[in-house]
$ cat protein-v5.csv   # CSV, C-alpha atoms and all ligand atoms
chain,number,residue,atom,x,y,z
A,1,MET,CA,143.9,140.1,-53.7
A,2,THR,CA,142.8,136.6,-52.8
A,3,ASN,CA,143.5,135.3,-49.3
A,4,PRO,CA,141.2,132.3,-49.2
A,5,LYS,CA,140.4,131.8,-45.5
A,6,GLY,CA,141.0,135.3,-44.5
A,7,LEU,CA,144.1,133.9,-43.0
A,8,LYS,CA,146.3,136.2,-40.9
A,9,LEU,CA,149.7,135.4,-42.4
A,10,VAL,CA,151.7,137.5,-40.0
A,11,GLU,CA,150.7,137.2,-36.4
A,12,ARG,CA,151.8,140.1,-34.2
A,13,ASP,CA,151.5,140.8,-30.5
A,14,SER,CA,150.1,144.1,-29.0
A,15,ASP,CA,153.5,145.7,-29.5
A,16,GLY,CA,153.5,144.8,-33.2
A,17,VAL,CA,156.2,142.1,-32.7
A,18,ASP,CA,156.1,139.4,-35.4
A,19,LEU,CA,155.6,136.3,-33.2
A,20,ALA,CA,157.1,133.8,-35.7
A,21,PHE,CA,160.2,136.0,-36.0
A,22,ARG,CA,160.6,136.2,-32.2
A,23,ALA,CA,160.0,132.4,-31.8
A,24,ASP,CA,162.6,131.5,-34.4
A,25,VAL,CA,165.2,133.9,-33.0
A,26,LEU,CA,164.8,132.9,-29.4
A,27,ALA,CA,164.8,129.2,-30.2
A,28,GLY,CA,167.7,129.6,-32.7
A,29,LEU,CA,169.8,131.5,-30.2
A,30,ALA,CA,169.2,128.9,-27.5
A,31,ALA,CA,170.4,126.0,-29.6
A,32,PRO,CA,173.9,124.5,-29.2
A,33,GLN,CA,174.8,125.6,-32.8
A,34,LYS,CA,173.0,129.0,-32.9
A,35,ALA,CA,171.0,129.3,-36.1
A,36,ILE,CA,168.3,131.6,-37.5
A,37,PRO,CA,166.3,130.8,-40.6
A,38,ALA,CA,167.4,132.7,-43.7
A,39,ARG,CA,163.8,133.9,-44.5
A,40,TRP,CA,164.2,136.6,-41.8
A,41,PHE,CA,166.9,138.4,-43.9
A,42,TYR,CA,164.3,140.0,-46.0
A,43,ASP,CA,163.0,143.1,-44.2
A,44,ASP,CA,163.0,146.3,-46.3
A,45,ALA,CA,166.7,146.9,-45.8
A,46,GLY,CA,167.5,143.2,-46.4
A,47,SER,CA,165.5,143.1,-49.6
A,48,THR,CA,167.3,146.2,-50.9
A,49,LEU,CA,170.7,144.7,-50.0
A,50,PHE,CA,169.8,141.4,-51.8
A,51,GLU,CA,168.9,143.4,-54.9
A,52,ASP,CA,172.4,145.0,-54.6
A,53,ILE,CA,173.9,141.5,-54.2
A,54,THR,CA,172.4,140.4,-57.5
A,55,ARG,CA,174.4,143.2,-59.3
A,56,LEU,CA,177.8,142.3,-57.7
A,57,PRO,CA,180.5,141.2,-60.1
A,58,GLU,CA,181.1,138.1,-57.9
A,59,TYR,CA,177.4,137.1,-57.6
A,60,TYR,CA,176.9,135.1,-60.9
A,61,PRO,CA,173.5,133.3,-60.2
A,62,THR,CA,171.2,136.1,-61.2
A,63,ARG,CA,173.1,136.9,-64.5
A,64,ALA,CA,173.5,133.2,-65.3
A,65,GLU,CA,169.8,132.5,-64.9
A,66,ARG,CA,168.8,135.6,-66.9
A,67,GLU,CA,171.1,134.4,-69.6
A,68,ILE,CA,169.4,131.0,-69.7
A,69,LEU,CA,165.9,132.6,-69.8
A,70,THR,CA,167.0,134.9,-72.6
A,71,ASP,CA,169.1,132.6,-74.8
A,72,ARG,CA,166.8,129.5,-74.4
A,73,ALA,CA,163.5,131.3,-74.5
A,74,THR,CA,162.2,129.6,-77.7
A,75,GLU,CA,163.2,126.1,-76.6
A,76,ILE,CA,161.7,126.6,-73.2
A,77,ALA,CA,158.5,128.0,-74.7
A,78,ASP,CA,158.2,125.1,-77.1
A,79,LEU,CA,158.3,122.6,-74.3
A,80,ILE,CA,155.9,124.4,-72.1
A,81,GLY,CA,153.4,125.0,-74.8
A,82,SER,CA,150.7,127.6,-74.8
A,83,GLY,CA,147.7,128.3,-72.6
A,84,ARG,CA,149.1,127.6,-69.2
A,85,ALA,CA,148.7,129.7,-66.1
A,86,VAL,CA,152.1,130.7,-64.7
A,87,VAL,CA,152.2,130.4,-60.9
A,88,GLU,CA,155.3,132.0,-59.4
A,89,PHE,CA,156.4,130.9,-56.0
A,90,GLY,CA,157.5,134.2,-54.4
A,91,SER,CA,156.4,137.1,-56.5
A,92,GLY,CA,158.9,138.3,-58.9
A,93,SER,CA,160.2,141.8,-58.4
A,94,SER,CA,163.0,140.6,-60.6
A,95,VAL,CA,163.6,140.9,-64.3
A,96,LYS,CA,163.2,137.2,-64.6
A,97,THR,CA,159.4,137.1,-64.6
A,98,PRO,CA,159.0,139.4,-67.6
A,99,LEU,CA,161.5,137.3,-69.5
A,100,LEU,CA,159.5,134.1,-68.9
A,101,LEU,CA,156.1,135.8,-69.6
A,102,ARG,CA,157.3,137.3,-72.8
A,103,ALA,CA,158.6,133.9,-74.0
A,104,ILE,CA,155.5,131.9,-73.3
A,105,TRP,CA,152.6,134.4,-73.2
A,106,PRO,CA,150.6,132.5,-70.6
A,107,SER,CA,146.8,132.6,-70.0
A,108,ALA,CA,147.2,134.1,-66.6
A,109,TYR,CA,149.9,135.0,-64.1
A,110,VAL,CA,149.5,134.1,-60.4
A,111,PRO,CA,152.2,135.4,-58.1
A,112,LEU,CA,152.2,133.8,-54.6
A,113,ASP,CA,153.9,135.7,-51.8
A,114,ILE,CA,153.6,136.0,-48.0
A,115,ALA,CA,154.4,139.7,-48.1
A,116,GLY,CA,151.2,141.3,-49.2
A,117,ASP,CA,152.4,144.9,-49.8
A,118,PHE,CA,155.3,143.8,-51.8
A,119,LEU,CA,153.1,141.4,-53.8
A,120,ARG,CA,150.6,144.2,-54.6
A,121,ALA,CA,153.3,146.5,-55.8
A,122,SER,CA,155.1,144.0,-58.0
A,123,SER,CA,151.8,142.7,-59.4
A,124,ALA,CA,150.6,146.2,-60.4
A,125,ALA,CA,154.0,146.9,-62.1
A,126,LEU,CA,153.7,143.6,-64.0
A,127,ALA,CA,150.1,144.1,-65.1
A,128,GLU,CA,151.2,147.4,-66.6
A,129,LYS,CA,153.9,145.7,-68.7
A,130,PHE,CA,151.6,143.0,-69.9
A,131,PRO,CA,148.3,144.5,-70.9
A,132,GLY,CA,145.6,141.9,-71.4
A,133,LEU,CA,147.3,139.3,-69.1
A,134,PRO,CA,145.2,138.5,-66.1
A,135,VAL,CA,147.4,139.0,-63.0
A,136,LEU,CA,145.9,137.3,-60.0
A,137,PRO,CA,148.1,137.7,-56.9
A,138,VAL,CA,147.5,135.4,-53.9
A,139,GLU,CA,148.8,136.3,-50.5
A,140,ALA,CA,149.9,132.9,-49.2
A,141,ASP,CA,152.6,130.8,-47.5
A,142,PHE,CA,153.5,128.6,-50.4
A,143,MET,CA,155.3,126.0,-48.2
A,144,ARG,CA,151.7,124.6,-47.9
A,145,ARG,CA,149.2,123.8,-50.6
A,146,VAL,CA,147.7,127.1,-51.9
A,147,GLU,CA,144.1,127.5,-53.1
A,148,LEU,CA,144.5,129.2,-56.5
A,149,PRO,CA,141.9,131.7,-57.9
A,150,PRO,CA,138.9,130.1,-59.6
A,151,GLU,CA,139.8,131.9,-62.8
A,152,VAL,CA,142.7,129.5,-63.4
A,153,ALA,CA,141.0,126.3,-62.1
A,154,GLN,CA,140.6,124.7,-65.5
A,155,LEU,CA,144.0,125.8,-66.9
A,156,PRO,CA,147.1,123.7,-66.9
A,157,LYS,CA,149.7,125.2,-64.7
A,158,LEU,CA,153.4,126.1,-64.9
A,159,GLY,CA,155.1,126.6,-61.6
A,160,PHE,CA,158.0,129.1,-61.7
A,161,PHE,CA,160.6,129.0,-58.9
A,162,PRO,CA,163.7,130.9,-60.1
A,163,GLY,CA,166.7,132.1,-58.1
A,164,SER,CA,167.8,128.8,-56.6
A,165,THR,CA,165.7,129.6,-53.6
A,166,ILE,CA,165.1,125.9,-53.2
A,167,GLY,CA,168.8,125.8,-52.3
A,168,ASN,CA,168.1,127.6,-49.0
A,169,MET,CA,166.2,124.5,-47.8
A,170,ILE,CA,167.6,121.3,-46.4
A,171,ALA,CA,166.6,118.2,-48.4
A,172,ARG,CA,163.6,117.4,-46.2
A,173,THR,CA,162.1,120.8,-46.4
A,174,ALA,CA,162.8,121.1,-50.1
A,175,THR,CA,161.0,117.8,-50.7
A,176,ASP,CA,158.0,119.0,-48.7
A,177,LEU,CA,157.9,122.2,-50.8
A,178,LEU,CA,158.1,120.3,-54.1
A,179,ARG,CA,155.3,118.1,-53.0
A,180,SER,CA,153.2,121.1,-51.9
A,181,MET,CA,153.8,122.6,-55.3
A,182,ARG,CA,152.4,119.5,-57.0
A,183,ALA,CA,149.4,119.8,-54.7
A,184,THR,CA,149.0,123.5,-55.5
A,185,LEU,CA,149.5,123.1,-59.2
A,186,GLY,CA,147.3,120.0,-59.8
A,187,GLU,CA,147.3,117.5,-62.5
A,188,GLY,CA,149.4,117.9,-65.7
A,189,ALA,CA,151.5,120.7,-64.1
A,190,MET,CA,155.0,121.6,-65.1
A,191,LEU,CA,157.7,123.3,-63.0
A,192,LEU,CA,160.5,125.6,-64.2
A,193,ILE,CA,163.0,125.8,-61.4
A,194,GLY,CA,166.4,127.4,-61.0
A,195,MET,CA,169.1,125.3,-59.3
A,196,ASP,CA,172.6,126.6,-58.7
A,197,LEU,CA,175.5,124.3,-59.5
A,198,VAL,CA,178.5,122.9,-57.6
A,199,LYS,CA,181.6,124.6,-58.8
A,200,ASP,CA,185.1,125.8,-57.8
A,201,GLU,CA,185.1,126.6,-54.1
A,202,SER,CA,186.9,129.9,-54.7
A,203,VAL,CA,184.1,131.1,-57.1
A,204,LEU,CA,181.4,130.1,-54.6
A,205,LEU,CA,183.1,131.8,-51.6
A,206,ALA,CA,183.6,135.0,-53.5
A,207,ALA,CA,179.9,135.0,-54.5
A,208,TYR,CA,179.0,134.9,-50.8
A,209,ASP,CA,181.8,137.1,-49.5
A,210,ASP,CA,182.2,139.9,-52.0
A,211,ALA,CA,185.0,142.5,-52.1
A,212,GLN,CA,182.6,145.4,-51.5
A,213,GLY,CA,181.2,143.8,-48.4
A,214,VAL,CA,177.6,143.9,-49.5
A,215,THR,CA,176.9,140.3,-48.5
A,216,ALA,CA,178.5,141.0,-45.1
A,217,ARG,CA,176.0,143.9,-44.7
A,218,PHE,CA,173.2,141.7,-45.8
A,219,ASN,CA,174.1,139.1,-43.1
A,220,LEU,CA,174.7,141.7,-40.4
A,221,ASN,CA,171.4,143.4,-41.2
A,222,LEU,CA,169.7,140.4,-39.5
A,223,LEU,CA,171.2,141.5,-36.2
A,224,GLU,CA,170.1,145.1,-36.7
A,225,ARG,CA,166.6,143.7,-37.4
A,226,ILE,CA,166.7,141.7,-34.2
A,227,ASN,CA,167.8,144.7,-32.2
A,228,ARG,CA,165.1,146.9,-33.7
A,229,GLU,CA,162.1,144.6,-33.8
A,230,LEU,CA,162.9,142.3,-30.9
A,231,ASP,CA,164.3,144.9,-28.4
A,232,GLY,CA,167.8,143.5,-28.7
A,233,ASP,CA,171.1,145.0,-27.7
A,234,ILE,CA,173.5,142.8,-29.8
A,235,PRO,CA,176.7,144.7,-30.4
A,236,LEU,CA,177.2,144.6,-34.2
A,237,ASP,CA,180.9,145.2,-33.9
A,238,ALA,CA,181.3,141.9,-32.1
A,239,PHE,CA,180.3,139.9,-35.2
A,240,ALA,CA,181.9,139.2,-38.5
A,241,HIS,CA,180.4,137.8,-41.7
A,242,GLU,CA,181.8,134.5,-42.8
A,243,ALA,CA,181.0,132.3,-45.8
A,244,ARG,CA,182.0,128.6,-45.6
A,245,TRP,CA,181.8,125.8,-48.1
A,246,ASN,CA,180.4,122.7,-46.4
A,247,ASP,CA,181.5,119.9,-48.8
A,248,PRO,CA,179.6,116.9,-47.4
A,249,PHE,CA,176.4,118.8,-47.7
A,250,ALA,CA,177.4,120.6,-50.9
A,251,ARG,CA,176.4,124.0,-49.6
A,252,ILE,CA,177.6,127.5,-48.9
A,253,GLU,CA,176.9,128.4,-45.3
A,254,MET,CA,176.7,132.0,-44.0
A,255,HIS,CA,177.6,132.5,-40.4
A,256,LEU,CA,177.9,135.5,-38.1
A,257,VAL,CA,181.0,134.8,-36.0
A,258,ALA,CA,181.6,136.3,-32.6
A,259,CYS,CA,185.0,138.0,-32.7
A,260,ARG,CA,185.1,138.2,-29.0
A,261,ASP,CA,183.2,136.9,-26.0
A,262,VAL,CA,179.9,138.6,-26.0
A,263,SER,CA,176.6,138.6,-24.2
A,264,PHE,CA,173.4,140.3,-25.1
A,265,ALA,CA,169.6,140.3,-24.6
A,266,VAL,CA,166.8,139.8,-27.0
A,267,SER,CA,163.2,140.1,-26.0
A,268,GLY,CA,164.3,140.1,-22.3
A,269,GLN,CA,166.3,136.9,-22.6
A,270,ARG,CA,170.0,136.8,-22.2
A,271,PHE,CA,172.5,135.0,-24.4
A,272,ALA,CA,176.2,134.6,-24.3
A,273,MET,CA,178.7,133.5,-27.0
A,274,THR,CA,182.4,132.8,-26.8
A,275,ALA,CA,184.9,134.2,-29.3
A,276,GLY,CA,184.8,132.0,-32.5
A,277,GLU,CA,181.3,130.8,-31.9
A,278,SER,CA,178.8,131.5,-34.7
A,279,ILE,CA,175.2,132.0,-35.5
A,280,HIS,CA,174.4,130.0,-38.7
A,281,THR,CA,172.2,132.2,-40.9
A,282,GLU,CA,171.9,130.6,-44.3
A,283,ASN,CA,172.4,127.5,-46.3
A,284,SER,CA,172.7,127.8,-50.1
A,285,HIS,CA,172.8,124.3,-51.5
A,286,LYS,CA,174.6,123.7,-54.8
A,287,PHE,CA,173.5,120.9,-57.1
A,288,THR,CA,174.9,118.6,-59.8
A,289,LYS,CA,172.8,117.2,-62.6
A,290,ARG,CA,172.3,114.0,-60.6
A,291,SER,CA,171.5,115.6,-57.3
A,292,SER,CA,169.0,118.0,-58.8
A,293,GLN,CA,167.3,115.1,-60.5
A,294,LEU,CA,167.2,113.1,-57.3
A,295,LEU,CA,165.7,116.0,-55.3
A,296,LEU,CA,163.1,116.7,-57.9
A,297,ALA,CA,162.2,113.0,-58.1
A,298,ALA,CA,161.8,112.8,-54.3
A,299,GLY,CA,159.3,115.7,-54.6
A,300,GLY,CA,157.4,114.0,-57.3
A,301,TRP,CA,158.8,115.8,-60.4
A,302,GLU,CA,160.3,114.3,-63.5
A,303,PRO,CA,162.8,116.4,-65.3
A,304,VAL,CA,162.0,116.8,-69.0
A,305,ALA,CA,164.7,119.3,-70.0
A,306,ARG,CA,167.6,121.1,-68.4
A,307,TRP,CA,169.6,124.1,-69.4
A,308,THR,CA,172.8,125.8,-68.2
A,309,ASP,CA,174.4,129.1,-69.0
A,310,GLU,CA,177.4,129.1,-71.3
A,311,ALA,CA,179.8,129.0,-68.4
A,312,ARG,CA,177.9,126.1,-66.8
A,313,GLN,CA,177.5,128.0,-63.5
A,314,PHE,CA,173.7,127.7,-63.1
A,315,SER,CA,170.9,125.4,-64.2
A,316,MET,CA,167.2,125.6,-65.0
A,317,VAL,CA,165.2,122.4,-65.0
A,318,LEU,CA,161.8,122.0,-66.6
A,319,ALA,CA,160.0,119.1,-64.9
A,320,GLU,CA,156.5,117.6,-65.0
A,321,SER,CA,154.4,116.3,-62.2
A,322,ARG,CA,154.7,112.5,-62.1
A,323,ALA,CA,152.0,110.1,-61.2
A,324,PRO,CA,153.1,108.0,-58.2
A,325,ARG,CA,154.6,104.7,-59.3
A,326,SER,CA,157.0,102.3,-57.6
A,327,ALA,CA,157.8,99.7,-60.2
A,328,PRO,CA,161.1,100.3,-62.1
A,401,LIG,C1,168.0,134.3,-52.7
A,401,LIG,C2,168.5,132.3,-51.6
A,401,LIG,C3,169.0,132.5,-53.9
A,401,LIG,O1,171.4,131.7,-51.7
A,401,LIG,O2,172.3,132.8,-53.4
A,401,LIG,C4,172.7,135.7,-51.7
A,401,LIG,C5,170.5,134.5,-51.1
A,401,LIG,N1,172.5,135.0,-49.7
A,401,LIG,N2,173.8,136.0,-51.1
A,401,LIG,C6,171.4,132.6,-52.5
A,401,LIG,C7,171.9,135.0,-50.9
A,401,LIG,C8,173.7,135.5,-49.9
A,401,LIG,C9,170.3,133.7,-52.4
A,401,LIG,N3,169.0,133.2,-52.7

$ encode --input "protein-v5.csv" --output "structure tokens" --more "lines below"
Ligand code: AVJ
Amino acid sequence: MTNPKGLKLVERDSDGVDLAFRADVLAGLAAPQKAIPARWFYDDAGSTLFEDITRLPEYYPTRAEREILTDRATEIADLIGSGRAVVEFGSGSSVKTPLLLRAIWPSAYVPLDIAGDFLRASSAALAEKFPGLPVLPVEADFMRRVELPPEVAQLPKLGFFPGSTIGNMIARTATDLLRSMRATLGEGAMLLIGMDLVKDESVLLAAYDDAQGVTARFNLNLLERINRELDGDIPLDAFAHEARWNDPFARIEMHLVACRDVSFAVSGQRFAMTAGESIHTENSHKFTKRSSQLLLAAGGWEPVARWTDEARQFSMVLAESRAPRSAP
């Protein structure tokens, strides 16, 4: 495991409290529109619930992306070429990574993840599936430029960012990430990125508010995590899961809506909410061909190919790192 500067990625106080989590929650609950970053969904319970979400009949993105990677594997592989090192942003526990690796047989696979234990486990599983493939996990926060292992220094890179995770970010953050990816991957890099598409509102709402209530449990698990890790006493029965389509921003938002006036404490600080007020917990931006192209261009990436599934629900874009130029 490489962790270049011996960086402590998760800072904890003497009680084992994740300081970044506490800071985000306390600041988020103090804001006029309460909001907590979506990255905090993914504790053990949240990660398991997300895996359950990917198997729901209403949640199309995972299946659609898998369809693209399976049905278009040859085309994708031809454009990517051989000999690249695949750098995955967020280490794939999913079935998507093997699909890509099998299609292109890269020279090395470098999964980047902030969660070290998870990274080690999924890397070991992958190495077993692909004997002979150097698997070089790096524990890192990929929102910044990451120092890659020396073994891949001379190899051209392919960044892999599936799942439409980019959709969790507002444009400014997404652009920063795309630029960091260019810096991490270096000259001549390519990027294969999943971007979910704008579609009928009812399909989107169902995907984020499923009949079995798994997404509701995923959303509410954040409150359980706060209660457990940050010494909170939030009454879970005072909150309901809600998915909303925000049309001007072309995104699904998840909220936890207070069903009654409620007050609670977190880490010794008190908060009050009135009935109907919400905590905004996630944005999931949806793209069009044009908006995806614009976002990638802003981050310094030029699309070279784009695929959708048969039902045109989801897209994967292959882009290459573009030298800065301003003239038309
Ligand atoms: C993992 C960010 C791609 O936005 O669709 C699924 C997370 N949230 N259901 C998404 C999620 C609610 C998911 N991403």

$ atom_distance --input "protein-v5.csv" --atom1 "CA of Met273 (chain A)" --atom2 "CA of Asp261 (chain A)"
5.7 Å

$ closest_residue --input "protein-v5.csv" --among "A:Arg72, A:Arg39, A:Lys157, A:Arg66" --to "Ile114 (chain A)" --atoms "only C-alpha atoms"
A:Arg39

$ closest_residue --input "protein-v5.csv" --among "A:Ala64, A:Ile53, A:Val152, A:Leu236" --to "ligand LIG 401 (chain A)" --atoms "all atoms listed in the file"
A:Ile53

$ residues_near_point --input "protein-v5.csv" --point "(168.5, 143.7, -55.9)" --cutoff "12 Å" --atoms "all atoms listed in the file" --output "PDB file with C-alpha atoms, in the frame of the given file"
ATOM      1  CA  TYR A  42     164.300 140.000 -46.000  1.00  0.00           C
ATOM      2  CA  ASP A  44     163.000 146.300 -46.300  1.00  0.00           C
ATOM      3  CA  ALA A  45     166.700 146.900 -45.800  1.00  0.00           C
ATOM      4  CA  GLY A  46     167.500 143.200 -46.400  1.00  0.00           C
ATOM      5  CA  SER A  47     165.500 143.100 -49.600  1.00  0.00           C
ATOM      6  CA  THR A  48     167.300 146.200 -50.900  1.00  0.00           C
ATOM      7  CA  LEU A  49     170.700 144.700 -50.000  1.00  0.00           C
ATOM      8  CA  PHE A  50     169.800 141.400 -51.800  1.00  0.00           C
ATOM      9  CA  GLU A  51     168.900 143.400 -54.900  1.00  0.00           C
ATOM     10  CA  ASP A  52     172.400 145.000 -54.600  1.00  0.00           C
ATOM     11  CA  ILE A  53     173.900 141.500 -54.200  1.00  0.00           C
ATOM     12  CA  THR A  54     172.400 140.400 -57.500  1.00  0.00           C
ATOM     13  CA  ARG A  55     174.400 143.200 -59.300  1.00  0.00           C
ATOM     14  CA  LEU A  56     177.800 142.300 -57.700  1.00  0.00           C
ATOM     15  CA  TYR A  59     177.400 137.100 -57.600  1.00  0.00           C
ATOM     16  CA  THR A  62     171.200 136.100 -61.200  1.00  0.00           C
ATOM     17  CA  ARG A  63     173.100 136.900 -64.500  1.00  0.00           C
ATOM     18  CA  GLY A  92     158.900 138.300 -58.900  1.00  0.00           C
ATOM     19  CA  SER A  93     160.200 141.800 -58.400  1.00  0.00           C
ATOM     20  CA  SER A  94     163.000 140.600 -60.600  1.00  0.00           C
ATOM     21  CA  VAL A  95     163.600 140.900 -64.300  1.00  0.00           C
ATOM     22  CA  GLY A 163     166.700 132.100 -58.100  1.00  0.00           C
ATOM     23  CA  VAL A 214     177.600 143.900 -49.500  1.00  0.00           C
ATOM     24  CA  THR A 215     176.900 140.300 -48.500  1.00  0.00           C
ATOM     25  CA  PHE A 218     173.200 141.700 -45.800  1.00  0.00           C
TER      26      PHE A 218
END

$ residues_around --input "protein-v5.csv" --residues "region 164-169 of chain A" --least-positions-apart "2" --cutoff "7 Å" --atoms "all atoms listed in the file" --output "list in words"
Pro162, Ala171, Thr173, Ala174, Gly194, Met195, Asp196, Glu282, Asn283, Ser284, His285 and Lys286 of chain A

$ decode --input "protein-v5.csv" --residues "region 200-258 of chain A" --atoms "C-alpha atoms" --output "PDB file, in the first residue's frame"
ATOM      1  CA  ASP A 200     -38.497  11.348 -17.506  1.00  0.00           C
ATOM      2  CA  GLU A 201     -38.966  12.745 -14.018  1.00  0.00           C
ATOM      3  CA  SER A 202     -41.062   9.788 -12.845  1.00  0.00           C
ATOM      4  CA  VAL A 203     -38.275   7.343 -13.756  1.00  0.00           C
ATOM      5  CA  LEU A 204     -35.735   9.434 -11.863  1.00  0.00           C
ATOM      6  CA  LEU A 205     -37.915   9.855  -8.787  1.00  0.00           C
ATOM      7  CA  ALA A 206     -38.610   6.122  -8.626  1.00  0.00           C
ATOM      8  CA  ALA A 207     -34.876   5.353  -8.872  1.00  0.00           C
ATOM      9  CA  TYR A 208     -34.257   7.505  -5.780  1.00  0.00           C
ATOM     10  CA  ASP A 209     -37.416   6.576  -3.867  1.00  0.00           C
ATOM     11  CA  ASP A 210     -37.917   2.868  -4.451  1.00  0.00           C
ATOM     12  CA  ALA A 211     -40.993   0.886  -3.478  1.00  0.00           C
ATOM     13  CA  GLN A 212     -39.102  -1.305  -1.007  1.00  0.00           C
ATOM     14  CA  GLY A 213     -37.766   1.717   0.856  1.00  0.00           C
ATOM     15  CA  VAL A 214     -34.100   0.762   0.540  1.00  0.00           C
ATOM     16  CA  THR A 215     -33.104   4.273  -0.561  1.00  0.00           C
ATOM     17  CA  ALA A 216     -35.065   5.683   2.381  1.00  0.00           C
ATOM     18  CA  ARG A 217     -33.059   3.443   4.728  1.00  0.00           C
ATOM     19  CA  PHE A 218     -29.836   4.532   2.995  1.00  0.00           C
ATOM     20  CA  ASN A 219     -30.729   8.184   3.559  1.00  0.00           C
ATOM     21  CA  LEU A 220     -31.890   7.684   7.164  1.00  0.00           C
ATOM     22  CA  ASN A 221     -28.749   5.680   7.966  1.00  0.00           C
ATOM     23  CA  LEU A 222     -26.887   8.992   7.915  1.00  0.00           C
ATOM     24  CA  LEU A 223     -28.838  10.059  11.009  1.00  0.00           C
ATOM     25  CA  GLU A 224     -28.072   6.737  12.704  1.00  0.00           C
ATOM     26  CA  ARG A 225     -24.406   7.262  11.924  1.00  0.00           C
ATOM     27  CA  ILE A 226     -24.521  10.763  13.397  1.00  0.00           C
ATOM     28  CA  ASN A 227     -26.222   9.471  16.556  1.00  0.00           C
ATOM     29  CA  ARG A 228     -23.673   6.671  16.947  1.00  0.00           C
ATOM     30  CA  GLU A 229     -20.438   8.432  16.005  1.00  0.00           C
ATOM     31  CA  LEU A 230     -21.166  12.007  17.068  1.00  0.00           C
ATOM     32  CA  ASP A 231     -23.107  11.365  20.266  1.00  0.00           C
ATOM     33  CA  GLY A 232     -26.410  12.502  18.758  1.00  0.00           C
ATOM     34  CA  ASP A 233     -29.981  11.997  19.901  1.00  0.00           C
ATOM     35  CA  ILE A 234     -31.809  12.676  16.640  1.00  0.00           C
ATOM     36  CA  PRO A 235     -35.213  10.928  16.747  1.00  0.00           C
ATOM     37  CA  LEU A 236     -35.273   8.957  13.488  1.00  0.00           C
ATOM     38  CA  ASP A 237     -39.068   8.724  13.486  1.00  0.00           C
ATOM     39  CA  ALA A 238     -39.241  12.507  13.105  1.00  0.00           C
ATOM     40  CA  PHE A 239     -37.681  12.315   9.626  1.00  0.00           C
ATOM     41  CA  ALA A 240     -38.860  11.074   6.258  1.00  0.00           C
ATOM     42  CA  HIS A 241     -36.871  10.385   3.101  1.00  0.00           C
ATOM     43  CA  GLU A 242     -37.717  12.552   0.095  1.00  0.00           C
ATOM     44  CA  ALA A 243     -36.375  12.590  -3.454  1.00  0.00           C
ATOM     45  CA  ARG A 244     -36.930  15.796  -5.445  1.00  0.00           C
ATOM     46  CA  TRP A 245     -36.215  16.730  -9.027  1.00  0.00           C
ATOM     47  CA  ASN A 246     -34.548  20.158  -9.181  1.00  0.00           C
ATOM     48  CA  ASP A 247     -35.126  21.102 -12.799  1.00  0.00           C
ATOM     49  CA  PRO A 248     -33.020  24.283 -13.124  1.00  0.00           C
ATOM     50  CA  PHE A 249     -30.013  22.366 -11.823  1.00  0.00           C
ATOM     51  CA  ALA A 250     -30.962  19.115 -13.584  1.00  0.00           C
ATOM     52  CA  ARG A 251     -30.482  17.055 -10.477  1.00  0.00           C
ATOM     53  CA  ILE A 252     -32.183  14.687  -8.112  1.00  0.00           C
ATOM     54  CA  GLU A 253     -31.897  15.874  -4.551  1.00  0.00           C
ATOM     55  CA  MET A 254     -32.330  13.706  -1.511  1.00  0.00           C
ATOM     56  CA  HIS A 255     -33.624  15.316   1.641  1.00  0.00           C
ATOM     57  CA  LEU A 256     -34.496  14.206   5.144  1.00  0.00           C
ATOM     58  CA  VAL A 257     -37.661  16.116   5.925  1.00  0.00           C
ATOM     59  CA  ALA A 258     -38.780  16.788   9.495  1.00  0.00           C
TER      60      ALA A 258
END
